[in-house]
>>> print(open('structure_6.cif').read())   # mmCIF, C-alpha atoms, pLDDT in the B column; chains and numbers go by the auth columns
data_work
#
loop_
_atom_site.group_PDB
_atom_site.id
_atom_site.type_symbol
_atom_site.label_atom_id
_atom_site.label_comp_id
_atom_site.label_asym_id
_atom_site.label_seq_id
_atom_site.Cartn_x
_atom_site.Cartn_y
_atom_site.Cartn_z
_atom_site.B_iso_or_equiv
_atom_site.auth_seq_id
_atom_site.auth_asym_id
ATOM 1 C CA MET A 1 133.561 -19.601 -78.069 35.00 1 A
ATOM 2 C CA LEU A 2 132.815 -16.153 -76.677 38.00 2 A
ATOM 3 C CA SER A 3 135.908 -13.969 -76.552 37.00 3 A
ATOM 4 C CA ALA A 4 136.138 -10.460 -75.143 41.00 4 A
ATOM 5 C CA VAL A 5 138.851 -8.119 -76.354 39.00 5 A
ATOM 6 C CA SER A 6 140.394 -6.156 -73.527 38.00 6 A
ATOM 7 C CA ASN A 7 140.411 -2.406 -74.032 41.00 7 A
ATOM 8 C CA PRO A 8 143.462 -0.341 -73.083 40.00 8 A
ATOM 9 C CA THR A 9 143.411 1.126 -69.613 40.00 9 A
ATOM 10 C CA PRO A 10 141.400 4.364 -69.566 41.00 10 A
ATOM 11 C CA GLY A 11 143.724 7.341 -69.371 40.00 11 A
ATOM 12 C CA HIS A 12 146.531 5.297 -70.974 39.00 12 A
ATOM 13 C CA PRO A 13 145.401 5.162 -74.591 44.00 13 A
ATOM 14 C CA GLY A 14 148.906 4.900 -76.161 54.00 14 A
ATOM 15 C CA THR A 15 148.408 2.111 -78.660 77.00 15 A
ATOM 16 C CA ALA A 16 144.868 3.170 -79.576 82.00 16 A
ATOM 17 C CA VAL A 17 146.121 6.649 -80.500 89.00 17 A
ATOM 18 C CA ASP A 18 148.971 5.131 -82.512 89.00 18 A
ATOM 19 C CA ASP A 19 146.583 2.740 -84.298 88.00 19 A
ATOM 20 C CA MET A 20 144.249 5.570 -85.276 92.00 20 A
ATOM 21 C CA ILE A 21 147.123 7.736 -86.509 92.00 21 A
ATOM 22 C CA GLN A 22 148.558 4.845 -88.518 92.00 22 A
ATOM 23 C CA SER A 23 145.129 4.094 -90.012 91.00 23 A
ATOM 24 C CA LEU A 24 144.700 7.710 -91.092 93.00 24 A
ATOM 25 C CA ASP A 25 148.209 7.834 -92.532 93.00 25 A
ATOM 26 C CA ALA A 26 147.771 4.553 -94.445 92.00 26 A
ATOM 27 C CA ALA A 27 144.534 5.889 -95.947 93.00 27 A
ATOM 28 C CA GLY A 28 146.282 9.106 -97.047 95.00 28 A
ATOM 29 C CA TYR A 29 144.754 11.523 -94.524 95.00 29 A
ATOM 30 C CA ARG A 30 146.823 14.397 -93.119 92.00 30 A
ATOM 31 C CA MET A 31 147.339 14.528 -89.370 92.00 31 A
ATOM 32 C CA THR A 32 146.260 18.008 -88.355 91.00 32 A
ATOM 33 C CA ASP A 33 146.458 19.308 -84.791 91.00 33 A
ATOM 34 C CA SER A 34 142.648 19.347 -84.589 91.00 34 A
ATOM 35 C CA ARG A 35 142.347 15.788 -85.867 93.00 35 A
ATOM 36 C CA ARG A 36 144.976 14.642 -83.369 93.00 36 A
ATOM 37 C CA ALA A 37 143.071 16.392 -80.562 93.00 37 A
ATOM 38 C CA VAL A 38 139.859 14.576 -81.541 94.00 38 A
ATOM 39 C CA ILE A 39 141.715 11.240 -81.545 94.00 39 A
ATOM 40 C CA ASP A 40 143.075 12.015 -78.071 93.00 40 A
ATOM 41 C CA LEU A 41 139.545 12.795 -76.845 93.00 41 A
ATOM 42 C CA ILE A 42 138.218 9.524 -78.273 93.00 42 A
ATOM 43 C CA CYS A 43 141.031 7.449 -76.791 91.00 43 A
ATOM 44 C CA THR A 44 140.463 8.736 -73.264 89.00 44 A
ATOM 45 C CA ARG A 45 136.916 7.310 -73.406 87.00 45 A
ATOM 46 C CA ASP A 46 136.122 4.041 -71.692 81.00 46 A
ATOM 47 C CA GLY A 47 133.051 3.006 -73.622 84.00 47 A
ATOM 48 C CA ALA A 48 130.435 4.471 -75.889 89.00 48 A
ATOM 49 C CA PHE A 49 130.218 8.227 -76.386 92.00 49 A
ATOM 50 C CA GLU A 50 128.128 10.742 -78.279 91.00 50 A
ATOM 51 C CA THR A 51 129.458 13.428 -80.589 92.00 51 A
ATOM 52 C CA ALA A 52 128.051 16.107 -78.276 91.00 52 A
ATOM 53 C CA GLU A 53 130.217 14.735 -75.458 92.00 53 A
ATOM 54 C CA LEU A 54 133.354 15.136 -77.567 93.00 54 A
ATOM 55 C CA VAL A 55 132.337 18.683 -78.492 93.00 55 A
ATOM 56 C CA ALA A 56 131.746 19.517 -74.817 94.00 56 A
ATOM 57 C CA ASP A 57 135.071 17.935 -73.788 93.00 57 A
ATOM 58 C CA ALA A 58 136.936 19.901 -76.462 93.00 58 A
ATOM 59 C CA ARG A 59 135.400 23.157 -75.212 93.00 59 A
ATOM 60 C CA ARG A 60 136.034 22.306 -71.558 94.00 60 A
ATOM 61 C CA ARG A 61 139.688 21.482 -72.294 92.00 61 A
ATOM 62 C CA LYS A 62 140.020 24.539 -74.555 91.00 62 A
ATOM 63 C CA ILE A 63 140.962 22.367 -77.536 88.00 63 A
ATOM 64 C CA GLU A 64 140.650 24.141 -80.842 84.00 64 A
ATOM 65 C CA ALA A 65 138.640 21.584 -82.791 86.00 65 A
ATOM 66 C CA ALA A 66 135.542 22.892 -84.523 89.00 66 A
ATOM 67 C CA ARG A 67 132.321 20.923 -84.207 91.00 67 A
ATOM 68 C CA ALA A 68 132.474 20.151 -87.960 93.00 68 A
ATOM 69 C CA THR A 69 136.022 18.794 -87.562 93.00 69 A
ATOM 70 C CA ILE A 70 134.871 16.488 -84.785 94.00 70 A
ATOM 71 C CA PHE A 71 131.994 15.183 -86.943 94.00 71 A
ATOM 72 C CA ARG A 72 134.253 14.738 -90.006 94.00 72 A
ATOM 73 C CA THR A 73 136.966 13.002 -87.986 95.00 73 A
ATOM 74 C CA LEU A 74 134.414 10.591 -86.510 95.00 74 A
ATOM 75 C CA GLU A 75 133.086 9.883 -90.002 95.00 75 A
ATOM 76 C CA ILE A 76 136.601 9.178 -91.327 95.00 76 A
ATOM 77 C CA LEU A 77 137.549 6.983 -88.357 94.00 77 A
ATOM 78 C CA THR A 78 134.272 5.076 -88.711 92.00 78 A
ATOM 79 C CA GLY A 79 135.031 4.479 -92.384 91.00 79 A
ATOM 80 C CA LEU A 80 138.470 3.156 -91.433 91.00 80 A
ATOM 81 C CA GLY A 81 136.969 0.769 -88.861 87.00 81 A
ATOM 82 C CA VAL A 82 138.782 2.144 -85.815 90.00 82 A
ATOM 83 C CA VAL A 83 135.565 3.696 -84.482 92.00 83 A
ATOM 84 C CA GLU A 84 132.125 2.165 -84.899 89.00 84 A
ATOM 85 C CA ARG A 85 128.703 3.793 -84.794 91.00 85 A
ATOM 86 C CA LEU A 86 126.222 2.078 -82.484 89.00 86 A
ATOM 87 C CA ASP A 87 122.477 2.310 -83.013 84.00 87 A
ATOM 88 C CA LEU A 88 120.987 2.554 -79.541 81.00 88 A
ATOM 89 C CA PRO A 89 117.693 0.924 -78.538 79.00 89 A
ATOM 90 C CA ASN A 90 116.076 4.375 -78.093 82.00 90 A
ATOM 91 C CA GLY A 91 116.834 5.337 -81.719 83.00 91 A
ATOM 92 C CA ASP A 92 119.819 7.562 -80.923 85.00 92 A
ATOM 93 C CA HIS A 93 123.349 6.620 -81.832 86.00 93 A
ATOM 94 C CA SER A 94 126.747 6.786 -80.222 91.00 94 A
ATOM 95 C CA TYR A 95 130.275 5.738 -81.108 93.00 95 A
ATOM 96 C CA VAL A 96 132.762 3.312 -79.634 90.00 96 A
ATOM 97 C CA ARG A 97 136.472 2.883 -80.213 88.00 97 A
ATOM 98 C CA CYS A 98 137.291 -0.483 -81.806 81.00 98 A
ATOM 99 C CA ASP A 99 140.417 -2.063 -80.421 68.00 99 A
ATOM 100 C CA SER A 100 140.130 -5.114 -82.640 61.00 100 A
ATOM 101 C CA ARG A 101 140.627 -5.097 -86.414 67.00 101 A
ATOM 102 C CA ALA A 102 138.920 -8.490 -86.715 71.00 102 A
ATOM 103 C CA HIS A 103 135.164 -8.633 -87.224 77.00 103 A
ATOM 104 C CA HIS A 104 133.570 -8.218 -83.815 80.00 104 A
ATOM 105 C CA HIS A 105 130.445 -7.148 -81.976 83.00 105 A
ATOM 106 C CA HIS A 106 129.837 -4.811 -79.048 84.00 106 A
ATOM 107 C CA LEU A 107 128.401 -5.266 -75.577 88.00 107 A
ATOM 108 C CA VAL A 108 127.458 -1.890 -74.057 87.00 108 A
ATOM 109 C CA CYS A 109 126.268 -1.013 -70.555 89.00 109 A
ATOM 110 C CA ARG A 110 123.008 0.947 -70.735 86.00 110 A
ATOM 111 C CA ARG A 111 123.913 2.974 -67.652 87.00 111 A
ATOM 112 C CA CYS A 112 127.649 3.823 -67.753 87.00 112 A
ATOM 113 C CA GLN A 113 128.240 3.212 -71.490 84.00 113 A
ATOM 114 C CA ARG A 114 131.266 0.975 -70.842 85.00 114 A
ATOM 115 C CA SER A 115 131.760 -1.301 -73.832 84.00 115 A
ATOM 116 C CA ILE A 116 133.455 -4.577 -74.599 84.00 116 A
ATOM 117 C CA ASP A 117 134.451 -5.853 -78.043 80.00 117 A
ATOM 118 C CA LEU A 118 133.269 -9.444 -78.525 84.00 118 A
ATOM 119 C CA GLU A 119 135.163 -11.318 -81.227 79.00 119 A
ATOM 120 C CA ASP A 120 133.140 -14.503 -81.572 71.00 120 A
ATOM 121 C CA LEU A 121 129.460 -15.015 -80.942 75.00 121 A
ATOM 122 C CA GLY A 122 129.137 -18.210 -82.980 84.00 122 A
ATOM 123 C CA MET A 123 127.286 -16.384 -85.762 84.00 123 A
ATOM 124 C CA THR A 124 128.789 -18.275 -88.726 86.00 124 A
ATOM 125 C CA PRO A 125 126.452 -21.311 -88.523 90.00 125 A
ATOM 126 C CA ILE A 126 123.453 -19.051 -87.900 91.00 126 A
ATOM 127 C CA LEU A 127 124.275 -16.909 -90.940 90.00 127 A
ATOM 128 C CA ALA A 128 124.707 -20.027 -93.084 92.00 128 A
ATOM 129 C CA ARG A 129 121.288 -21.308 -91.974 94.00 129 A
ATOM 130 C CA VAL A 130 119.644 -17.929 -92.712 94.00 130 A
ATOM 131 C CA ALA A 131 121.295 -17.871 -96.151 94.00 131 A
ATOM 132 C CA ARG A 132 120.037 -21.392 -96.935 95.00 132 A
ATOM 133 C CA ARG A 133 116.492 -20.571 -95.805 96.00 133 A
ATOM 134 C CA THR A 134 116.207 -17.215 -97.567 96.00 134 A
ATOM 135 C CA GLY A 135 118.433 -17.586 -100.604 96.00 135 A
ATOM 136 C CA TYR A 136 120.314 -14.427 -99.635 95.00 136 A
ATOM 137 C CA LYS A 137 124.079 -14.226 -99.950 94.00 137 A
ATOM 138 C CA ILE A 138 124.930 -12.608 -96.619 91.00 138 A
ATOM 139 C CA ASP A 139 128.031 -10.437 -96.852 88.00 139 A
ATOM 140 C CA ARG A 140 127.779 -8.401 -93.627 83.00 140 A
ATOM 141 C CA HIS A 141 126.192 -8.490 -90.219 84.00 141 A
ATOM 142 C CA ARG A 142 126.299 -6.473 -87.030 82.00 142 A
ATOM 143 C CA VAL A 143 125.287 -7.397 -83.500 84.00 143 A
ATOM 144 C CA GLU A 144 125.006 -4.874 -80.670 85.00 144 A
ATOM 145 C CA LEU A 145 124.154 -6.130 -77.201 89.00 145 A
ATOM 146 C CA PHE A 146 122.980 -3.846 -74.395 90.00 146 A
ATOM 147 C CA GLY A 147 122.617 -4.543 -70.687 91.00 147 A
ATOM 148 C CA LEU A 148 124.030 -3.634 -67.283 93.00 148 A
ATOM 149 C CA CYS A 149 127.707 -4.258 -66.543 92.00 149 A
ATOM 150 C CA PRO A 150 128.625 -5.986 -63.256 93.00 150 A
ATOM 151 C CA THR A 151 129.504 -2.657 -61.577 92.00 151 A
ATOM 152 C CA CYS A 152 126.168 -1.057 -62.498 92.00 152 A
ATOM 153 C CA GLN A 153 124.304 -4.199 -61.453 92.00 153 A
ATOM 154 C CA LYS A 154 125.863 -3.927 -57.984 89.00 154 A
ATOM 155 C CA MET A 155 124.870 -0.254 -57.764 87.00 155 A
ATOM 156 C CA ALA A 156 121.287 -1.111 -58.793 74.00 156 A
ATOM 157 C CA SER A 157 120.920 -3.962 -56.299 66.00 157 A
ATOM 158 C CA PRO A 158 119.320 -3.081 -52.976 62.00 158 A
ATOM 159 C CA ALA A 159 121.602 -3.530 -49.967 55.00 159 A
ATOM 160 C CA PRO A 160 120.650 -6.561 -47.779 55.00 160 A
#
>>> encode(input="structure_6.cif", output="structure tokens")
Amino acid sequence: MLSAVSNPTPGHPGTAVDDMIQSLDAAGYRMTDSRRAVIDLICTRDGAFETAELVADARRRKIEAARATIFRTLEILTGLGVVERLDLPNGDHSYVRCDSRAHHHHLVCRRCQRSIDLEDLGMTPILARVARRTGYKIDRHRVELFGLCPTCQKMASPAP
């Protein structure tokens, strides 16, 4: 069964901010003002984002978070599983906030970068078959799907 995890409403990131702060605290990281500002920037995003976008947003909003702090915070949050790095089809990468702690995959719009967490793609039987055929013991996998969301499809369609 395919299951999409709903993301918090953009601009109302309450629980996502709290989850990130709790994850940092549980892992023994201090909550600095700069780190909190980076978390706030991430949680206002509705979809995938690049580090450069966070840096630009911090400057535009006059937030005192050095570029290195933004990179380090993203690295820490990625390690904690509350942010995930996506490898884009063009070879670049971006990040997406993960609202689900369970293993999941991502569906990302190529145009607007909106993303959806997908909890179940029916991969378990496929992984078992690959393991049987290859002799590998598979301990991890990652699936990233890219396409056009319904809104971007409508914008791309010619008017009748």
>>> closest_residue(input="structure_6.cif", among="A:Ile76, A:Ala102, A:Ile63, A:Asp46", to="Gly28 (chain A)", atoms="only C-alpha atoms")
A:Ile76
>>> residues_around(input="structure_6.cif", residues="Leu86 (chain A)", least_positions_apart="2", cutoff="8 Å", atoms="all atoms listed in the file", output="PDB file with C-alpha atoms, in the frame of the given file")
ATOM      1  CA  GLU A  84     132.125   2.165 -84.899  1.00 89.00           C
ATOM      2  CA  LEU A  88     120.987   2.554 -79.541  1.00 81.00           C
ATOM      3  CA  HIS A  93     123.349   6.620 -81.832  1.00 86.00           C
ATOM      4  CA  SER A  94     126.747   6.786 -80.222  1.00 91.00           C
ATOM      5  CA  TYR A  95     130.275   5.738 -81.108  1.00 93.00           C
ATOM      6  CA  VAL A  96     132.762   3.312 -79.634  1.00 90.00           C
ATOM      7  CA  GLU A 144     125.006  -4.874 -80.670  1.00 85.00           C
TER       8      GLU A 144
END
>>> atom_distance(input="structure_6.cif", atom1="CA of Met155 (chain A)", atom2="CA of Cys112 (chain A)")
11.1 Å
>>> atom_distance(input="structure_6.cif", atom1="CA of Asp18 (chain A)", atom2="CA of Cys98 (chain A)")
13.0 Å
>>> closest_residue(input="structure_6.cif", among="A:Val143, A:Leu77, A:Leu127, A:Leu24", to="His103 (chain A)", atoms="all atoms listed in the file")
A:Val143
>>> atom_distance(input="structure_6.cif", atom1="CA of Phe146 (chain A)", atom2="CA of Val108 (chain A)")
4.9 Å
>>> closest_residue(input="structure_6.cif", among="A:His104, A:Arg61, A:Arg30, A:Arg132", to="Val82 (chain A)", atoms="only C-alpha atoms")
A:His104
>>> resolve_selection(input="structure_6.cif", expression="the PyMOL selection byres ((chain A and resi 67) around 9)", output="PyMOL selection string")
chain A and resi 51-52+54-55+65-66+68-72
>>> closest_residue(input="structure_6.cif", among="A:Arg45, A:Arg35, A:Lys62, A:Met20", to="Leu80 (chain A)", atoms="all atoms listed in the file")
A:Met20
>>> closest_residue(input="structure_6.cif", among="A:Thr15, A:Thr73, A:Ser115, A:Gln22", to="Ala37 (chain A)", atoms="only C-alpha atoms")
A:Thr73
>>> closest_residue(input="structure_6.cif", among="A:Ile39, A:Ile138, A:Ala16, A:Cys109", to="Met123 (chain A)", atoms="all atoms listed in the file")
A:Ile138
>>> resolve_selection(input="structure_6.cif", expression="the PyMOL selection byres ((chain A and resi 149) around 8)", output="list in words")
Val108, Cys109, Arg114, Gly147, Leu148, Pro150, Thr151, Cys152 and Gln153 of chain A
>>> residues_around(input="structure_6.cif", residues="Leu145 (chain A)", least_positions_apart="4", cutoff="8 Å", atoms="all atoms listed in the file", output="JSON, numbers by chain")
{"A": [105, 106, 107, 108]}
